[in-house]
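What follows is a short report on a single structure.
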Amino acid sequence: MTFSLLSAAVLAGASASASAAQTTAVCDSGAFQTIVRPARSGIEARAVWLDRRLAQWPGVENSGRFRLYYSPDGRIVAPTGGIVGGAAGALSLAAFSGALAPEVAQRFKYVGKGVVLAVAASDLARLPGLHRQQMVLVQEDANGKVRAAARLEAAGALDDLYAAAESADDLGATPSRRSTTFKLWAPTAQRVSVCTYDSGGGRAKALDAMRFDPATGIWSATRKGDISGKYYTYAVDVVADGAGLVRNMVTDPYSVSLTTDSKRSYIANLASARLKPAGWDKSTPPATVKAQTDMVVYELHVRDFSINDATVPAASRGKYTAFSQAGSNGMKHLAALARAGMTDIHLLPVYDIASIPERGCAQPAPTGAADGETQQALVRRTAATDCFNWGYDPYHYNAPEGSYASNAADGARRIVELRQMVMNLHRAGLRVGMDVVYNHTFASGQKEKSVLDRIVPGYYHRLNAAGGVEQSTCCDNTATENRMMGKLMIDSAALWAREYKIDSFRFDLMGHQPRAVMEQLQARVNGAAGRHVQLIGEGWNFGEVADGARFVQASQLSLNGSGIGTFSDRARDHVRGGSAADTGEDMIRRQGYINGLVYDPNAVAGERAPADLMQAADMVRVGLAGSVRSYVMQTWKDSTLPLAAIDYNGQPAGYASEPGEAVNYVENHDNQTLYDMNVYKLPLATTGAERARVQVLGAAINAFSQGVAYFHAGIDTLRSKSLDRNSFNSGDWFNRIDWTYQDNYFGAGAPPADDNGKDYALIKPLLANAALKPTPADIAFTRDAFRDLLSIRASSTLFRMRSAQDIGQRLRFYNTGSTQVPTVIAAHIDGKGYAGAGFAGVAYFINVDKVAHTLDVAELRGKRLRLHPVHAAPTAADQRAATSTFDSAAGRFTIPARSAVVFVE
């Protein structure tokens, strides 16, 4: 299919706006992609532009001659041994023997060795125009025959040529009283126009050609008047690999809202009163977090929160508006957590999600036996069409998700209702954090739900040596080391902080971002919010960026000193036992510190050496000390070492410079819940009441740990996902929460077979065992004991000290070394002179054993220690912990079985 010459002329700028017929032809065709000139063959991008002038071709030596062929319609063919065809012309390139600029050499250090080629100085002025065409680098012999051919990865050149675009602060649609301006960065596009619509579903009203700025690569167009409340899309003519010259109908990467299923971008002035709920401008977050270590986080999914809550009106269940129901069971639960000491709700993604239908999504209602397969079969059949997904499928980073709005078709509603949600959580005493996934997009290339790649092909994603998109994150990895992808991430986070009063961010797979870009982002969000915005994230080190292969990462070992927090796996894996990757009997065999390692072996654990338990206790202490590098501790081998010198799977156990850089957790949305892991690991005969106590032990370790305390919603109600190890697309059924505290949904059927089926032989007998399902009394105990732990942490800054120096000076562990009682953690924190301590000191003990233990701590003899007021109160949830005793003259503590207890002085 080709376009009329008149339509092409309009897009080329021959007319400021098009006729009604032309507008309909371009804007209302219904096609997200139209081939203007098809490609004749695909050539891999094995060469790399280092900057506007230099290119490196890995694996190719400096021999023969090198020519850069170009074609405006992407039809170049370069058969080995043949002659190049389909090109409109070529430039000659020469080998470059000079030294690369240091910043260029550092950025492209990962590129394989090969010839470096330079564009002649006389041809440099032609390069910007050639980047709007297909370019193929060819090595030829003396007769002009092709020896090798490659396309070139363009990010290095585009970043050099269009560096000025990074300072643009008005990309997207910007309405004002007299006009509305559209700006799109698309330096490789040949033509761009903007289609505008009165509604999310009607025909286009106008088609306007956009003007290209050669200094920035930004296309712009201006319409008269404020057209807020209207919708728009872009028509982008661009050469795309494997497709040729295409016209892409695409939404705006800077969309602030959308219509149903993200078909059109919405024009909005976010400062407009009509987009603000009553009281928004005066609404402020609670002042509960003075330092990052004050954060106590509850990780929550918008739909999970209310979809199962009968006290929420049906129309609001699973929606932003559920948080407006102050009298609902769910909101009363959150308010109670806030009163106890929870500071933050971290919401799983609320930006626009590609994988949730926003109109007519399926809502299956499974039934079946506790170990049945009918439930998962139905959930899997509707997985792509139901209303549920965790949301790690980014579509538009700056726009609220429409499936959580009361009306996805109205671009204004999702803005207003998300703001209402934030405001209502703030009113409940809770700050609001946002889970963001800038490390990948849902789609790339010419796929319909690819936005970035259909505007600037090959730029926004991290490419491999053949020009393919890296997918180590599960999906199509973005390249925030590229100037404009880094800008998009920073601009997006700043928008959420400024326009939605987001208090903190949790970055998915943050180790795939450069540390330098994250530090720029920190500065921008602080400025946007007018206050410090906390940043935490997953600092895992893997994939094509691992070990600093491309840049200094925002990873555990590379972020120290930045103030940005990363999740710590040090205590997590030793508390729970094993690792997240365990399958089969390893899930049962590899017990952890709280669920029986050595002291309470299950049926398949076998005999374990006492040293294994002592080593696990050491790793729990590492977490309790905030995983800070400088903290000195006696190990089970009787060595006294800083945590940085203690081995953790070949890495330093202590990795953080300051405690705020460590995020402690024992459970989150990933992998099995803590309750489900304990189903695997605890001996089957363990009673429901004791399982509840084990759950509280896991929460207590987290609550007493220095650093950020992070909890998964439902950890306090024994939440189960029926042993599902990956519930990202397991529907409402396997992700339910019961705010009436009657059920934890263990035994809801065998979890989805695609991720769990290979373990059904282990899973199904457990699900069928009714004794493993907790009673309402077990749930109530866990709920109330958890709140007591929050109150204890909130009562003193000693549980959340501000600096590594504070921890080093004030925290002491006892009962350590080779003669320890390894099932008991004993610690004292000196509070004298410490701001907010509340006490002269605190001592805490965590006894994970099935029996009580008595410890003599000589260093605490003569101390005037008493039970923490929370334990001593008649309303204390854990009456067993309240029976703990201290003999001051002997320095002797008696700690009951499976109890976490705090003494104060």
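Residue numbers start at 1 in each chain; chains themselves are named A, B, ... in the order of the structure tokens; ligands are numbered from 1 in the order shown.
For region 56-58 of chain A, the residues within 8 Å (counting only C-alpha atoms, excluding itself and residues fewer than 5 positions away along the chain) are A:Arg46, A:Ala47, A:Val48, A:Trp49, A:Leu50, A:Val111, A:Gly112, A:Lys113, A:Gly114, A:Val115, A:Val116, A:Leu117.
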Output the selection as a JSON list (two decimals), in the first residue's frame - N, CA and C atoms for each residue.
```json
[["chain", "number", "residue", "atom", "x", "y", "z"],
["A", 46, "ARG", "N", 25.84, -4.89, 12.85],
["A", 46, "ARG", "CA", 27.05, -5.39, 13.51],
["A", 46, "ARG", "C", 28.12, -4.31, 13.67],
["A", 47, "ALA", "N", 27.86, -3.13, 13.18],
["A", 47, "ALA", "CA", 28.77, -2.01, 13.37],
["A", 47, "ALA", "C", 28.11, -0.99, 14.28],
["A", 48, "VAL", "N", 28.92, -0.12, 14.88],
["A", 48, "VAL", "CA", 28.41, 0.80, 15.90],
["A", 48, "VAL", "C", 28.95, 2.20, 15.65],
["A", 49, "TRP", "N", 28.04, 3.17, 15.56],
["A", 49, "TRP", "CA", 28.46, 4.57, 15.55],
["A", 49, "TRP", "C", 28.97, 4.93, 16.94],
["A", 50, "LEU", "N", 30.19, 5.44, 17.03],
["A", 50, "LEU", "CA", 30.75, 5.87, 18.30],
["A", 50, "LEU", "C", 30.40, 7.32, 18.59],
["A", 111, "VAL", "N", 32.21, -2.92, 22.97],
["A", 111, "VAL", "CA", 32.17, -3.25, 21.55],
["A", 111, "VAL", "C", 33.43, -4.05, 21.18],
["A", 112, "GLY", "N", 33.25, -5.14, 20.46],
["A", 112, "GLY", "CA", 34.36, -5.99, 20.10],
["A", 112, "GLY", "C", 35.40, -5.29, 19.23],
["A", 113, "LYS", "N", 36.60, -5.81, 19.26],
["A", 113, "LYS", "CA", 37.69, -5.20, 18.50],
["A", 113, "LYS", "C", 37.42, -5.31, 17.01],
["A", 114, "GLY", "N", 37.81, -4.28, 16.32],
["A", 114, "GLY", "CA", 37.65, -4.24, 14.88],
["A", 114, "GLY", "C", 38.05, -2.88, 14.36],
["A", 115, "VAL", "N", 37.98, -2.73, 13.07],
["A", 115, "VAL", "CA", 38.42, -1.48, 12.45],
["A", 115, "VAL", "C", 37.53, -0.32, 12.90],
["A", 116, "VAL", "N", 38.17, 0.83, 13.16],
["A", 116, "VAL", "CA", 37.45, 2.07, 13.43],
["A", 116, "VAL", "C", 37.54, 2.93, 12.19],
["A", 117, "LEU", "N", 36.40, 3.39, 11.71],
["A", 117, "LEU", "CA", 36.33, 4.13, 10.46],
["A", 117, "LEU", "C", 35.85, 5.55, 10.72]]
```
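Surrounding region 274-280 of chain A within 8 Å are A:Leu270, A:Ala412, A:Ile415, A:Val416, A:Glu417, A:Arg419, A:Gln420, A:Met423, with only C-alpha atoms counted and residues fewer than 4 positions along the same chain left out.
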Written selection (C-alpha atoms) as a PDB file, in the first residue's frame:
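Listed below is the output, selection_26.pdb:
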```pdb
ATOM      1  CA  LEU A 270      -1.986  18.691  34.607  1.00  0.00           C
ATOM      2  CA  ALA A 412      -9.269  12.833  32.558  1.00  0.00           C
ATOM      3  CA  ILE A 415      -5.657  11.373  36.249  1.00  0.00           C
ATOM      4  CA  VAL A 416      -8.192  12.605  38.788  1.00  0.00           C
ATOM      5  CA  GLU A 417      -8.775   9.208  40.358  1.00  0.00           C
ATOM      6  CA  ARG A 419      -4.616  11.707  42.459  1.00  0.00           C
ATOM      7  CA  GLN A 420      -7.593  10.930  44.697  1.00  0.00           C
ATOM      8  CA  MET A 423      -4.569  11.946  48.577  1.00  0.00           C
TER       9      MET A 423
END
```
So that I can check the surroundings of Val451 (chain A), please list as a ChimeraX atom specification every protein, DNA and RNA residue that reaches within 7 Å of it, counting only C-alpha atoms and ignoring chain neighbours fewer than 4 positions away.
/A:250-251,253,455
List as a VMD selection string the protein and nucleic acid residues near Ser722 (chain A), meaning an atom at most 6 Å away when only C-alpha atoms are counted, but skip any in the same chain fewer than 5 places from it.
chain A and resid 746 to 748
Filtering to C-alpha atoms, could you give me those residues as a PDB file, in the first residue's frame?
```pdb
ATOM      1  CA  PHE A 746      -4.011 -21.669  50.826  1.00  0.00           C
ATOM      2  CA  GLY A 747      -5.511 -24.620  48.964  1.00  0.00           C
ATOM      3  CA  ALA A 748      -7.111 -22.561  46.188  1.00  0.00           C
TER       4      ALA A 748
END
```
Nearest-residue call for Val146 (chain A), choices A:Ser179, A:Ser355, A:Thr80, A:Asn62, using only C-alpha atoms:
A:Thr80
Distance query region 538-545 of chain A at most 10 Å, only C-alpha atoms, self and fewer than 4 positions along chain excluded, as a PDB file with N, CA and C atoms, in the first residue's frame:
```
ATOM      1  N   TYR A 110      32.518  -2.064  25.549  1.00  0.00           N
ATOM      2  CA  TYR A 110      32.001  -3.415  25.351  1.00  0.00           C
ATOM      3  C   TYR A 110      32.024  -3.860  23.888  1.00  0.00           C
ATOM      4  N   ARG A 462      18.553  -1.449  24.281  1.00  0.00           N
ATOM      5  CA  ARG A 462      19.946  -1.905  24.335  1.00  0.00           C
ATOM      6  C   ARG A 462      20.105  -3.061  23.346  1.00  0.00           C
ATOM      7  N   LEU A 463      21.082  -2.930  22.489  1.00  0.00           N
ATOM      8  CA  LEU A 463      21.240  -3.874  21.380  1.00  0.00           C
ATOM      9  C   LEU A 463      22.430  -4.785  21.608  1.00  0.00           C
ATOM     10  N   ASN A 464      22.327  -5.985  21.035  1.00  0.00           N
ATOM     11  CA  ASN A 464      23.437  -6.931  21.115  1.00  0.00           C
ATOM     12  C   ASN A 464      24.365  -6.741  19.915  1.00  0.00           C
ATOM     13  N   GLU A 470      18.433  -6.704  23.398  1.00  0.00           N
ATOM     14  CA  GLU A 470      18.747  -7.539  24.557  1.00  0.00           C
ATOM     15  C   GLU A 470      17.483  -7.778  25.373  1.00  0.00           C
ATOM     16  N   GLN A 471      17.374  -8.972  25.956  1.00  0.00           N
ATOM     17  CA  GLN A 471      16.168  -9.316  26.708  1.00  0.00           C
ATOM     18  C   GLN A 471      16.480  -9.980  28.045  1.00  0.00           C
ATOM     19  N   SER A 472      17.576  -9.606  28.663  1.00  0.00           N
ATOM     20  CA  SER A 472      17.955 -10.239  29.927  1.00  0.00           C
ATOM     21  C   SER A 472      16.982  -9.931  31.053  1.00  0.00           C
ATOM     22  N   THR A 473      16.197  -8.865  30.929  1.00  0.00           N
ATOM     23  CA  THR A 473      15.244  -8.499  31.976  1.00  0.00           C
ATOM     24  C   THR A 473      13.925  -9.255  31.856  1.00  0.00           C
ATOM     25  N   ASN A 477      14.902  -4.857  26.627  1.00  0.00           N
ATOM     26  CA  ASN A 477      15.654  -3.966  27.507  1.00  0.00           C
ATOM     27  C   ASN A 477      15.795  -2.572  26.917  1.00  0.00           C
ATOM     28  N   ARG A 506      10.292   2.698  43.712  1.00  0.00           N
ATOM     29  CA  ARG A 506      10.949   1.397  43.754  1.00  0.00           C
ATOM     30  C   ARG A 506      11.250   1.007  42.311  1.00  0.00           C
ATOM     31  N   PHE A 507      12.542   0.892  41.965  1.00  0.00           N
ATOM     32  CA  PHE A 507      12.966   0.637  40.594  1.00  0.00           C
ATOM     33  C   PHE A 507      13.155  -0.857  40.352  1.00  0.00           C
ATOM     34  N   ASP A 508      12.377  -1.373  39.428  1.00  0.00           N
ATOM     35  CA  ASP A 508      12.527  -2.762  39.016  1.00  0.00           C
ATOM     36  C   ASP A 508      13.860  -2.935  38.280  1.00  0.00           C
ATOM     37  N   LEU A 509      14.614  -3.960  38.645  1.00  0.00           N
ATOM     38  CA  LEU A 509      15.896  -4.281  37.995  1.00  0.00           C
ATOM     39  C   LEU A 509      16.744  -3.033  37.767  1.00  0.00           C
ATOM     40  N   MET A 510      16.925  -2.292  38.833  1.00  0.00           N
ATOM     41  CA  MET A 510      17.653  -1.030  38.767  1.00  0.00           C
ATOM     42  C   MET A 510      19.110  -1.225  38.364  1.00  0.00           C
ATOM     43  N   GLY A 511      19.663  -2.420  38.587  1.00  0.00           N
ATOM     44  CA  GLY A 511      21.039  -2.689  38.200  1.00  0.00           C
ATOM     45  C   GLY A 511      21.277  -2.588  36.710  1.00  0.00           C
ATOM     46  N   HIS A 512      20.205  -2.521  35.912  1.00  0.00           N
ATOM     47  CA  HIS A 512      20.336  -2.324  34.468  1.00  0.00           C
ATOM     48  C   HIS A 512      20.399  -0.846  34.085  1.00  0.00           C
ATOM     49  N   GLN A 513      20.369   0.038  35.097  1.00  0.00           N
ATOM     50  CA  GLN A 513      20.509   1.467  34.834  1.00  0.00           C
ATOM     51  C   GLN A 513      21.916   1.920  35.222  1.00  0.00           C
ATOM     52  N   PRO A 514      22.446   2.940  34.566  1.00  0.00           N
ATOM     53  CA  PRO A 514      23.713   3.505  35.012  1.00  0.00           C
ATOM     54  C   PRO A 514      23.547   4.264  36.328  1.00  0.00           C
ATOM     55  N   ALA A 549      29.975  -4.120  32.599  1.00  0.00           N
ATOM     56  CA  ALA A 549      30.403  -4.360  31.221  1.00  0.00           C
ATOM     57  C   ALA A 549      30.158  -3.159  30.319  1.00  0.00           C
ATOM     58  N   ARG A 550      29.114  -2.380  30.598  1.00  0.00           N
ATOM     59  CA  ARG A 550      28.809  -1.234  29.734  1.00  0.00           C
ATOM     60  C   ARG A 550      28.927   0.101  30.463  1.00  0.00           C
ATOM     61  N   PHE A 551      28.719   0.105  31.765  1.00  0.00           N
ATOM     62  CA  PHE A 551      28.777   1.342  32.540  1.00  0.00           C
ATOM     63  C   PHE A 551      28.806   0.960  34.014  1.00  0.00           C
ATOM     64  N   VAL A 552      29.054   1.923  34.875  1.00  0.00           N
ATOM     65  CA  VAL A 552      28.938   1.694  36.314  1.00  0.00           C
ATOM     66  C   VAL A 552      27.461   1.586  36.637  1.00  0.00           C
ATOM     67  N   GLN A 553      27.068   0.436  37.134  1.00  0.00           N
ATOM     68  CA  GLN A 553      25.648   0.134  37.306  1.00  0.00           C
ATOM     69  C   GLN A 553      25.077   0.701  38.597  1.00  0.00           C
ATOM     70  N   ALA A 554      23.771   0.809  38.618  1.00  0.00           N
ATOM     71  CA  ALA A 554      23.047   1.104  39.847  1.00  0.00           C
ATOM     72  C   ALA A 554      22.721  -0.224  40.527  1.00  0.00           C
ATOM     73  N   SER A 555      23.771  -0.918  40.928  1.00  0.00           N
ATOM     74  CA  SER A 555      23.643  -2.254  41.510  1.00  0.00           C
ATOM     75  C   SER A 555      24.129  -2.242  42.947  1.00  0.00           C
ATOM     76  N   GLN A 556      23.875  -3.335  43.651  1.00  0.00           N
ATOM     77  CA  GLN A 556      24.248  -3.422  45.061  1.00  0.00           C
ATOM     78  C   GLN A 556      25.669  -2.932  45.321  1.00  0.00           C
ATOM     79  N   LEU A 557      26.618  -3.527  44.610  1.00  0.00           N
ATOM     80  CA  LEU A 557      28.020  -3.268  44.909  1.00  0.00           C
ATOM     81  C   LEU A 557      28.529  -1.952  44.324  1.00  0.00           C
ATOM     82  N   SER A 558      27.741  -1.341  43.451  1.00  0.00           N
ATOM     83  CA  SER A 558      28.201  -0.121  42.773  1.00  0.00           C
ATOM     84  C   SER A 558      27.513   1.146  43.244  1.00  0.00           C
ATOM     85  N   LEU A 559      26.473   1.013  44.082  1.00  0.00           N
ATOM     86  CA  LEU A 559      25.715   2.189  44.504  1.00  0.00           C
ATOM     87  C   LEU A 559      26.174   2.746  45.843  1.00  0.00           C
ATOM     88  N   ILE A 564      21.066   5.731  47.465  1.00  0.00           N
ATOM     89  CA  ILE A 564      19.982   4.983  46.838  1.00  0.00           C
ATOM     90  C   ILE A 564      19.978   3.564  47.401  1.00  0.00           C
ATOM     91  N   GLY A 565      18.821   3.074  47.803  1.00  0.00           N
ATOM     92  CA  GLY A 565      18.727   1.786  48.458  1.00  0.00           C
ATOM     93  C   GLY A 565      18.530   0.633  47.498  1.00  0.00           C
ATOM     94  N   THR A 566      19.118  -0.514  47.835  1.00  0.00           N
ATOM     95  CA  THR A 566      18.899  -1.736  47.057  1.00  0.00           C
ATOM     96  C   THR A 566      18.436  -2.852  47.980  1.00  0.00           C
ATOM     97  N   PHE A 567      17.645  -3.754  47.429  1.00  0.00           N
ATOM     98  CA  PHE A 567      17.151  -4.899  48.185  1.00  0.00           C
ATOM     99  C   PHE A 567      18.310  -5.815  48.552  1.00  0.00           C
ATOM    100  N   SER A 568      18.325  -6.250  49.800  1.00  0.00           N
ATOM    101  CA  SER A 568      19.393  -7.116  50.291  1.00  0.00           C
ATOM    102  C   SER A 568      18.913  -8.556  50.343  1.00  0.00           C
ATOM    103  N   ASP A 569      19.649  -9.418  49.662  1.00  0.00           N
ATOM    104  CA  ASP A 569      19.335 -10.852  49.683  1.00  0.00           C
ATOM    105  C   ASP A 569      20.121 -11.587  50.757  1.00  0.00           C
ATOM    106  N   VAL A 663      17.728  -2.364  51.720  1.00  0.00           N
ATOM    107  CA  VAL A 663      16.292  -2.582  51.869  1.00  0.00           C
ATOM    108  C   VAL A 663      16.117  -4.036  52.307  1.00  0.00           C
TER     109      VAL A 663
END
```
Could you produce a table of the residues of region 678-742 of chain A lying within 7 Å of region 389-395 of chain A, with the nearest pair of atoms per residue and their separation in Å rounded to one decimal, using only C-alpha atoms, ordered by chain and increasing residue number, as a tab-separated table?
```
residue	atom	partner	partner_atom	distance
A:Phe728	CA	A:Trp390	CA	5.0
A:Asn729	CA	A:Asn389	CA	5.0
A:Gly731	CA	A:Asn389	CA	6.9
```
Residue subset to file, keeping N, CA and C atoms, as a PDB file, in the first residue's frame:
```
ATOM      1  N   PHE A 728       2.504 -13.378  38.542  1.00  0.00           N
ATOM      2  CA  PHE A 728       2.388 -12.121  37.796  1.00  0.00           C
ATOM      3  C   PHE A 728       1.172 -12.089  36.883  1.00  0.00           C
ATOM      4  N   ASN A 729       0.752 -13.263  36.397  1.00  0.00           N
ATOM      5  CA  ASN A 729      -0.387 -13.307  35.481  1.00  0.00           C
ATOM      6  C   ASN A 729      -1.348 -14.407  35.892  1.00  0.00           C
ATOM      7  N   GLY A 731      -4.028 -14.118  37.699  1.00  0.00           N
ATOM      8  CA  GLY A 731      -5.396 -13.664  37.901  1.00  0.00           C
ATOM      9  C   GLY A 731      -5.706 -13.311  39.342  1.00  0.00           C
TER      10      GLY A 731
END
```
Give me, as a ChimeraX atom specification, the residues of region 229-360 of chain A that a backbone DSSP run labels alpha helix (DSSP H).
/A:302-307,329-340
Generate a file of the selected residues that holds C-alpha atoms, formatted as a PDB file, in the first residue's frame.
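Contents of the output file out_14.pdb:
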```pdb
ATOM      1  CA  VAL A 302      -4.116  -1.753  43.312  1.00  0.00           C
ATOM      2  CA  ARG A 303      -6.415  -4.523  42.131  1.00  0.00           C
ATOM      3  CA  ASP A 304      -5.482  -7.012  44.865  1.00  0.00           C
ATOM      4  CA  PHE A 305      -6.282  -4.398  47.473  1.00  0.00           C
ATOM      5  CA  SER A 306     -10.024  -4.274  46.861  1.00  0.00           C
ATOM      6  CA  ILE A 307     -11.196  -6.770  44.243  1.00  0.00           C
ATOM      7  CA  ASN A 329     -12.166  -3.391  55.476  1.00  0.00           C
ATOM      8  CA  GLY A 330      -9.117  -2.737  53.318  1.00  0.00           C
ATOM      9  CA  MET A 331      -8.790   0.938  54.197  1.00  0.00           C
ATOM     10  CA  LYS A 332      -9.333   0.195  57.884  1.00  0.00           C
ATOM     11  CA  HIS A 333      -6.520  -2.341  57.632  1.00  0.00           C
ATOM     12  CA  LEU A 334      -4.170   0.215  56.063  1.00  0.00           C
ATOM     13  CA  ALA A 335      -5.136   2.855  58.608  1.00  0.00           C
ATOM     14  CA  ALA A 336      -4.381   0.430  61.440  1.00  0.00           C
ATOM     15  CA  LEU A 337      -0.957  -0.269  59.928  1.00  0.00           C
ATOM     16  CA  ALA A 338      -0.292   3.470  59.710  1.00  0.00           C
ATOM     17  CA  ARG A 339      -1.217   3.938  63.352  1.00  0.00           C
ATOM     18  CA  ALA A 340       1.152   1.121  64.292  1.00  0.00           C
TER      19      ALA A 340
END
```
Quick one: distance from CA of Ser283 (chain A) to CA of Gln325 (chain A) in Å, one decimal?
17.7 Å
Within 7 Å of Val902 (chain A), counting only C-alpha atoms, which residues qualify if same-chain residues fewer than 2 places away don't, as JSON, numbers by chain?
{"A": [842, 843, 844, 845, 867, 868, 904]}
Could the residues in this selection be written to a file with N, CA and C atoms, as a CSV table (one decimal), in the first residue's frame?
```csv
chain,number,residue,atom,x,y,z
A,842,VAL,N,18.2,-0.4,74.1
A,842,VAL,CA,17.2,-1.5,73.8
A,842,VAL,C,18.1,-2.8,73.6
A,843,ALA,N,17.5,-3.9,74.1
A,843,ALA,CA,18.1,-5.2,73.8
A,843,ALA,C,17.0,-6.0,73.2
A,844,TYR,N,17.4,-6.7,72.1
A,844,TYR,CA,16.4,-7.6,71.5
A,844,TYR,C,16.9,-9.0,71.3
A,845,PHE,N,16.0,-9.9,71.3
A,845,PHE,CA,16.3,-11.4,71.3
A,845,PHE,C,15.3,-12.0,70.3
A,867,LEU,N,10.7,-5.3,80.0
A,867,LEU,CA,10.0,-5.5,78.7
A,867,LEU,C,9.6,-4.2,78.0
A,868,HIS,N,9.7,-4.2,76.7
A,868,HIS,CA,9.2,-3.1,76.0
A,868,HIS,C,7.7,-2.8,76.3
A,904,VAL,N,13.9,-2.8,77.2
A,904,VAL,CA,14.3,-1.4,77.1
A,904,VAL,C,14.9,-1.0,78.5
```
Extract, using only C-alpha atoms, all DNA, RNA and protein residues at most 7 Å from Pro659 (chain A), discarding same-chain residues fewer than 5 positions from it, and format them as a VMD selection string.
chain A and resid 293 626 628 706 to 707 802 to 804
Create the file for the chosen residues now, containing C-alpha atoms and written as a PDB file, in the first residue's frame.
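What follows is the written file again.pdb:
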```pdb
ATOM      1  CA  THR A 293      15.851   4.408  57.359  1.00  0.00           C
ATOM      2  CA  GLY A 626      22.001  -2.998  57.748  1.00  0.00           C
ATOM      3  CA  VAL A 628      26.897  -1.941  56.018  1.00  0.00           C
ATOM      4  CA  GLN A 706      18.819  -1.388  60.333  1.00  0.00           C
ATOM      5  CA  GLY A 707      17.937   0.105  56.955  1.00  0.00           C
ATOM      6  CA  ARG A 802      20.861   7.151  60.441  1.00  0.00           C
ATOM      7  CA  SER A 803      24.463   6.236  59.715  1.00  0.00           C
ATOM      8  CA  ALA A 804      26.950   3.403  59.525  1.00  0.00           C
TER       9      ALA A 804
END
```
Of the candidates A:Asp738, A:Asp352, A:Asp159, A:Glu61, which one gets nearest to Ser257 (chain A) if we count only C-alpha atoms?
A:Asp352
